[in-house]
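What follows is query-v8.txt (compact mmCIF, C-alpha atoms).
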```txt
# COMPACT_ATOMS: atom_id res chain seq x y z
CA MET E 69 129.25 119.40 113.20
CA ARG E 70 131.23 116.48 114.54
CA VAL E 71 132.02 113.15 112.88
CA THR E 72 133.70 110.36 114.83
CA VAL E 73 134.67 107.00 113.33
CA GLN E 74 136.35 104.67 115.80
CA SER E 75 136.80 101.03 116.75
CA ALA E 76 136.61 101.65 120.50
CA PRO E 77 133.28 101.39 122.33
CA PHE E 78 131.50 104.66 123.14
CA ASP E 79 129.16 105.86 125.83
CA PRO E 80 125.93 107.31 124.31
CA ALA E 81 125.61 109.69 127.28
CA ALA E 82 129.13 111.03 126.73
CA PHE E 83 128.36 111.37 123.00
CA LEU E 84 125.49 113.73 123.88
CA ALA E 85 127.32 115.67 126.59
CA GLY E 86 127.18 119.38 125.91
CA PHE E 87 125.42 118.92 122.57
CA GLY E 88 123.11 121.84 121.74
CA ALA E 89 123.80 123.39 125.13
CA GLY E 90 124.29 127.07 125.86
CA ARG E 91 122.56 128.31 122.71
CA ALA E 92 119.44 130.47 122.58
CA ASP E 93 118.45 129.16 119.12
CA VAL E 94 118.12 125.49 120.11
CA GLY E 95 114.75 124.30 121.35
CA ALA E 96 115.05 120.62 120.45
CA VAL E 97 117.71 117.91 120.59
CA VAL E 98 116.96 114.47 119.11
CA SER E 99 119.29 111.50 119.33
CA PHE E 100 119.27 107.93 118.09
CA THR E 101 121.55 105.09 119.16
CA GLY E 102 121.85 101.87 117.15
CA LEU E 103 122.77 98.66 119.01
CA VAL E 104 124.05 95.31 117.73
CA ARG E 105 120.96 93.14 117.40
CA ASP E 106 121.00 89.34 117.17
CA ASP E 107 118.10 88.09 115.02
CA SER E 108 119.31 84.47 114.79
CA GLY E 109 120.00 84.05 118.50
CA GLN E 110 123.39 82.58 117.56
CA MET E 111 125.44 85.61 116.63
CA GLN E 112 128.83 85.73 118.32
CA ALA E 113 129.95 89.10 117.03
CA LEU E 114 129.43 91.71 114.36
CA GLU E 115 132.39 92.83 112.27
CA ILE E 116 132.22 96.18 110.53
CA GLU E 117 134.58 97.08 107.71
CA HIS E 118 134.85 100.65 106.40
CA TYR E 119 136.67 102.81 103.88
CA PRO E 120 139.01 105.10 105.89
CA GLY E 121 138.98 108.59 104.42
CA MET E 122 135.80 108.19 102.42
CA THR E 123 133.84 107.23 105.52
CA GLU E 124 134.51 110.56 107.20
CA SER E 125 133.94 112.64 104.06
CA ALA E 126 130.74 110.78 103.12
CA ILE E 127 129.28 111.26 106.61
CA SER E 128 130.28 114.95 106.60
CA ALA E 129 128.54 115.42 103.25
CA ILE E 130 125.38 113.76 104.57
CA ILE E 131 125.41 115.96 107.69
CA SER E 132 125.95 119.09 105.58
CA GLN E 133 122.88 118.21 103.52
CA ALA E 134 120.79 117.74 106.67
CA MET E 135 122.06 120.96 108.28
CA ALA E 136 121.15 123.00 105.22
CA ARG E 137 117.78 121.36 104.64
CA TRP E 138 116.48 121.69 108.21
CA ALA E 139 118.52 124.74 109.28
CA LEU E 140 120.03 122.70 112.10
CA ALA E 141 122.03 124.43 114.79
CA ASP E 142 124.31 121.40 115.11
CA ALA E 143 124.62 117.69 114.33
CA ARG E 144 126.87 114.85 115.45
CA VAL E 145 127.49 111.33 114.20
CA ILE E 146 129.59 108.57 115.73
CA HIS E 147 130.02 105.18 114.02
CA ARG E 148 132.15 102.23 115.07
CA PHE E 149 134.06 99.72 112.98
CA GLY E 150 135.85 96.49 113.86
CA ARG E 151 134.51 93.70 116.06
CA LEU E 152 131.40 94.41 118.16
CA ALA E 153 129.53 92.25 120.66
CA VAL E 154 125.75 91.81 120.73
CA GLY E 155 124.08 94.69 122.57
CA GLU E 156 126.92 97.16 122.11
CA PRO E 157 126.20 100.58 120.59
CA ILE E 158 127.22 100.63 116.89
CA MET E 159 126.48 104.23 116.10
CA ALA E 160 124.59 107.31 117.21
CA VAL E 161 123.31 110.51 115.64
CA ALA E 162 122.21 113.73 117.30
CA THR E 163 120.53 116.78 115.83
CA ALA E 164 119.82 120.18 117.37
CA ALA E 165 117.24 122.54 115.92
CA ARG E 166 114.89 125.37 116.83
CA HIS E 167 111.87 123.04 116.80
CA ARG E 168 111.40 119.29 117.31
CA ALA E 169 109.92 118.53 113.87
CA ALA E 170 113.16 119.54 112.16
CA ALA E 171 115.31 117.71 114.73
CA PHE E 172 113.32 114.46 114.33
CA ALA E 173 113.21 114.63 110.53
CA ALA E 174 116.91 115.42 110.25
CA ALA E 175 117.81 112.52 112.57
CA GLU E 176 115.77 110.13 110.42
CA PHE E 177 117.34 111.51 107.27
CA LEU E 178 120.82 110.98 108.75
CA MET E 179 119.95 107.39 109.69
CA ASP E 180 118.51 106.59 106.26
CA TYR E 181 121.54 107.98 104.46
CA LEU E 182 124.10 106.44 106.82
CA LYS E 183 122.58 103.02 106.13
CA SER E 184 123.18 103.05 102.40
CA ARG E 185 125.50 105.97 101.57
CA ALA E 186 128.25 105.69 104.17
CA PRO E 187 130.91 103.08 103.27
CA PHE E 188 130.41 100.50 106.03
CA TRP E 189 129.89 96.76 105.56
CA LYS E 190 128.61 94.48 108.30
CA LYS E 191 129.52 90.83 108.69
CA GLU E 192 127.77 88.53 111.17
CA ILE E 193 130.00 86.01 112.92
CA GLY E 194 128.20 82.86 114.11
CA PRO E 195 128.91 79.23 115.01
CA ALA E 196 128.54 78.19 111.35
CA GLY E 197 130.90 80.86 110.08
CA ALA E 198 130.64 84.42 108.86
CA ALA E 199 128.17 86.03 106.48
CA TRP E 200 128.05 89.53 104.99
CA VAL E 201 124.86 91.38 105.81
CA VAL E 202 122.95 92.00 102.58
CA ALA E 203 121.61 95.51 101.99
CA LYS E 204 117.83 95.59 102.17
CA GLU E 205 115.79 96.94 99.28
CA GLY E 206 113.85 98.92 101.87
CA ASP E 207 117.04 100.80 102.82
CA GLU E 208 117.36 102.15 99.30
CA ALA E 209 113.61 102.82 99.09
CA ALA E 210 113.82 104.81 102.33
CA LEU E 211 115.95 107.41 100.52
CA GLY E 212 113.16 108.00 98.00
CA ARG E 213 110.94 109.90 100.38
CA TRP E 214 113.66 112.46 101.06
CA ARG E 215 113.80 113.25 97.36
CA SER E 216 110.08 113.91 97.07
CA GLU E 217 109.23 115.58 100.39
CA PRO E 218 110.09 119.28 100.70
CA MET Z 225 148.80 104.43 87.83
CA ILE Z 226 145.56 104.14 89.76
CA THR Z 227 145.15 102.85 93.31
CA VAL Z 228 142.34 100.30 93.31
CA LEU Z 229 140.66 99.28 96.57
CA TYR Z 230 138.27 96.44 97.27
CA PHE Z 231 136.00 96.04 100.27
CA ALA Z 232 133.88 93.34 101.93
CA TRP Z 233 133.10 90.33 99.71
CA VAL Z 234 134.57 92.05 96.66
CA ARG Z 235 137.89 92.13 98.56
CA GLU Z 236 137.50 88.50 99.58
CA ARG Z 237 137.02 87.46 95.95
CA THR Z 238 139.93 89.47 94.51
CA GLY Z 239 142.13 88.39 97.41
CA VAL Z 240 143.65 91.86 97.81
CA ALA Z 241 142.52 94.97 99.69
CA THR Z 242 144.45 97.45 97.58
CA GLU Z 243 146.75 97.44 94.58
CA GLN Z 244 148.36 99.77 92.06
CA VAL Z 245 147.02 99.24 88.55
CA ASP Z 246 148.84 100.48 85.47
CA THR Z 247 145.97 101.28 83.15
CA ALA Z 248 144.91 103.58 80.35
CA ALA Z 249 141.24 102.65 80.73
CA PRO Z 250 139.10 105.69 79.95
CA THR Z 251 136.25 104.70 82.28
CA VAL Z 252 135.55 102.61 85.36
CA ALA Z 253 133.72 100.08 83.15
CA ALA Z 254 136.80 99.74 80.92
CA LEU Z 255 138.99 99.22 84.01
CA VAL Z 256 136.63 96.46 85.18
CA ASP Z 257 136.90 94.80 81.75
CA GLU Z 258 140.71 94.93 81.97
CA LEU Z 259 140.71 93.39 85.44
CA ILE Z 260 138.27 90.64 84.43
CA ALA Z 261 140.52 89.72 81.49
CA ARG Z 262 143.52 89.37 83.85
CA GLU Z 263 142.58 86.55 86.19
CA PRO Z 264 139.55 84.47 87.20
CA ARG Z 265 139.48 85.99 90.71
CA TYR Z 266 138.54 89.35 89.18
CA ALA Z 267 135.91 87.70 86.99
CA ALA Z 268 134.48 86.21 90.20
CA ALA Z 269 134.46 89.58 91.95
CA PHE Z 270 132.78 91.33 89.02
CA ALA Z 271 130.46 88.49 87.93
CA ASP Z 272 127.36 90.49 88.89
CA LEU Z 273 127.97 94.20 88.42
CA SER Z 274 124.47 95.03 89.67
CA ALA Z 275 125.76 93.96 93.12
CA VAL Z 276 128.89 96.13 92.97
CA ARG Z 277 129.15 99.84 93.79
CA VAL Z 278 132.02 102.11 92.84
CA ALA Z 279 133.66 105.19 94.31
CA VAL Z 280 136.02 107.42 92.34
CA ASP Z 281 138.44 109.45 94.46
CA GLN Z 282 136.30 108.56 97.48
CA VAL Z 283 133.00 109.81 95.99
CA LEU Z 284 130.23 107.43 94.85
CA ALA Z 285 130.18 107.20 91.07
CA ASP Z 286 128.78 105.21 88.14
CA PHE Z 287 130.55 102.62 86.02
CA ASP Z 288 130.65 105.06 83.10
CA ALA Z 289 132.61 107.61 85.19
CA PRO Z 290 135.78 108.83 83.38
CA LEU Z 291 139.19 107.96 84.88
CA ALA Z 292 141.25 110.86 83.48
CA GLY Z 293 143.17 112.41 86.40
CA VAL Z 294 141.69 109.95 88.88
CA ARG Z 295 143.97 108.62 91.65
CA GLU Z 296 141.75 106.14 93.47
CA VAL Z 297 138.93 103.77 92.50
CA ALA Z 298 137.13 101.54 94.99
CA PHE Z 299 134.78 98.60 94.43
CA PHE Z 300 132.40 97.26 97.09
CA PRO Z 301 128.95 95.78 97.70
CA PRO Z 302 125.96 97.97 98.59
CA MET Z 303 126.74 99.61 101.92
CA THR Z 304 125.26 98.38 105.19
CA GLY Z 305 125.96 101.09 107.73
CA GLY Z 306 123.80 102.41 110.53
```

structure tokens encoding of this file:
Amino acid sequence: MRVTVQSAPFDPAAFLAGFGAGRADVGAVVSFTGLVRDDSGQMQALEIEHYPGMTESAISAIISQAMARWALADARVIHRFGRLAVGEPIMAVATAARHRAAAFAAAEFLMDYLKSRAPFWKKEIGPAGAAWVVAKEGDEAALGRWRSEP
Amino acid sequence: MITVLYFAWVRERTGVATEQVDTAAPTVAALVDELIAREPRYAAAFADLSAVRVAVDQVLADFDAPLAGVREVAFFPPMTGG
């Protein structure tokens, strides 16, 4: 397991380098990279605030849940904070498992939980000023399926 | 003495990121009531508690969580990571 929280940009290819390699029990690696999207067409930057200390422990707890539930061989998460430009990678997750179904499901689980259980707050900076991104009801609802599905 | 932290718009409303609070409040909810009674900026931050989340010693908690032995309480809006 590896958790990285940093303000510096990261290279998604470097994030994946060596992940799941050299193991006989890994048949599937799934990764997801989130980029800064501009829905308004006027965004100048995205600012991400976080809770140092809790951020790392909350992400580790989420990864531990995923590793136990899907018997993952390994998992990695990287998440940036600070000021980001449109198009830059914000975060990435990677999961390694024996089979692809577990790797895909665990990656989705990690994404769903990182959205609403890891202490990050996004603020969009535009020409008219700055506005905090409001959590979507769908983000919270997305967690529901992980409670019901085996 | 409890370290209280505020994040995102909760921080902007209280005007501080972190402070030491001398309190005997038995629960998070009681601490919030004490803060609200202090100054209007806290009343503004805690005007809608349904929009505020809390962590106790860096673990998500409820407003009825006890504060005995607790070192750190944080208040913030629903998280928007990912």

Legend entry - Counting all atoms listed in the file, the residue of E:Ala170, E:Ala89, E:Ile158, E:Leu84 that sits nearest chain Z: E:Ile158

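Between CA of Pro250 (chain Z) and CA of Thr227 (chain Z) the separation is 14.9 Å.
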
Give me, as a Markdown table, the closest atom pair and its distance (Å, one decimal) for every residue of chain E within a cut-off of 7 Å of chain Z, counting only C-alpha atoms, rows sorted by chain and rising number.
```
| residue | atom | partner | partner_atom | distance |
| --- | --- | --- | --- | --- |
| E:Gly102 | CA | Z:Gly306 | CA | 6.9 |
| E:Glu117 | CA | Z:Ala232 | CA | 6.9 |
| E:Met122 | CA | Z:Gln282 | CA | 5.0 |
| E:Met159 | CA | Z:Gly306 | CA | 6.4 |
| E:Met179 | CA | Z:Gly306 | CA | 6.4 |
| E:Leu182 | CA | Z:Gly306 | CA | 5.5 |
| E:Lys183 | CA | Z:Gly305 | CA | 4.2 |
| E:Ser184 | CA | Z:Met303 | CA | 5.0 |
| E:Arg185 | CA | Z:Met303 | CA | 6.5 |
| E:Ala186 | CA | Z:Gly305 | CA | 6.3 |
| E:Pro187 | CA | Z:Met303 | CA | 5.6 |
| E:Phe188 | CA | Z:Gly305 | CA | 4.8 |
| E:Trp189 | CA | Z:Thr304 | CA | 4.9 |
| E:Lys190 | CA | Z:Thr304 | CA | 6.0 |
| E:Ala203 | CA | Z:Thr304 | CA | 5.6 |
```

Inset, instruction - Between CA of Glu236 (chain Z) and CA of Ala269 (chain Z), measure the distance and give it in Å to one decimal. - result: 8.3 Å

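For the atom pair formed by CA of Ala129 (chain E) and CA of Val145 (chain E), the distance is 11.7 Å, given to one decimal.
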
Put the listed atoms of region 128-132 of chain E in a box along x, y and z with 6 Å added on every side and give me the centre and edge lengths in Å to one decimal, as lines of an AutoDock Vina configuration file.
```
center_x = 127.8
center_y = 116.4
center_z = 105.5
size_x = 16.9
size_y = 17.3
size_z = 16.4
```

Legend entry - Surrounding residues of Asp257 (chain Z) excluding itself and chain neighbours under 6 positions, 10 Å, all atoms listed in the file, as an MDAnalysis selection string: chainID Z and resid 249 251 266:267 270

Legend entry - Neighbour list for Ala289 (chain Z) as a VMD selection string, cut-off 8 Å, all atoms listed in the file, skip fewer than 4 positions in-chain: chain Z and resid 251 to 253 280 285

Inset, instruction - For Ala248 (chain Z), list every protein, DNA or RNA residue within 10 Å, evaluated using only C-alpha atoms, and leave out those in the same chain fewer than 2 positions away; present the list as a VMD selection string. - result: chain Z and resid 225 to 226 245 to 246 250 to 251 254 to 255 258 291 to 292

Selected residues written out with C-alpha atoms, as a PDB file, keeping the file's coordinate frame:
```
ATOM      1  CA  MET Z 225     148.800 104.430  87.830  1.00  0.00           C
ATOM      2  CA  ILE Z 226     145.560 104.140  89.760  1.00  0.00           C
ATOM      3  CA  VAL Z 245     147.020  99.240  88.550  1.00  0.00           C
ATOM      4  CA  ASP Z 246     148.840 100.480  85.470  1.00  0.00           C
ATOM      5  CA  PRO Z 250     139.100 105.690  79.950  1.00  0.00           C
ATOM      6  CA  THR Z 251     136.250 104.700  82.280  1.00  0.00           C
ATOM      7  CA  ALA Z 254     136.800  99.740  80.920  1.00  0.00           C
ATOM      8  CA  LEU Z 255     138.990  99.220  84.010  1.00  0.00           C
ATOM      9  CA  GLU Z 258     140.710  94.930  81.970  1.00  0.00           C
ATOM     10  CA  LEU Z 291     139.190 107.960  84.880  1.00  0.00           C
ATOM     11  CA  ALA Z 292     141.250 110.860  83.480  1.00  0.00           C
TER      12      ALA Z 292
END
```

Inset, instruction - Using only C-alpha atoms, pick whichever of E:Ala199, E:Trp214, E:Ala160, E:Met111 has the shortest atom-to-atom distance to Ala82 (chain E). - result: E:Ala160

Inset, instruction - Show which residues sit within 7 Å of Leu114 (chain E), as a list in words. Count all atoms listed in the file, and ignore same-chain residues fewer than 2 positions away. - result: Ile116, Arg151, Leu152, Ala153, Lys190, Lys191, Glu192 and Ile193 of chain E

Output the selection as a PDB file, in the coordinates of the input - C-alpha atoms for each residue.
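Below is the file again-v9.pdb, written as the result:
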```pdb
ATOM      1  CA  ILE E 116     132.220  96.180 110.530  1.00  0.00           C
ATOM      2  CA  ARG E 151     134.510  93.700 116.060  1.00  0.00           C
ATOM      3  CA  LEU E 152     131.400  94.410 118.160  1.00  0.00           C
ATOM      4  CA  ALA E 153     129.530  92.250 120.660  1.00  0.00           C
ATOM      5  CA  LYS E 190     128.610  94.480 108.300  1.00  0.00           C
ATOM      6  CA  LYS E 191     129.520  90.830 108.690  1.00  0.00           C
ATOM      7  CA  GLU E 192     127.770  88.530 111.170  1.00  0.00           C
ATOM      8  CA  ILE E 193     130.000  86.010 112.920  1.00  0.00           C
TER       9      ILE E 193
END
```

Legend entry - Who sits within 12 Å of Phe177 (chain E), all atoms listed in the file, same chain under 2 positions skipped, as a ChimeraX atom specification: /E:100,127,130-135,137-138,143,161-163,170-175,179-185,207,210-215,217 /Z:306

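Here the question is which of Z:Val234, Z:Thr247, Z:Gly239, Z:Glu296 gets nearest to Asp272 (chain Z) using only C-alpha atoms, and that residue is Z:Val234.
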
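Closest approach to Val276 (chain Z) among Z:Val256, Z:Val294, Z:Ala241, Z:Ala261 is made by Z:Val256 (distances from only C-alpha atoms).
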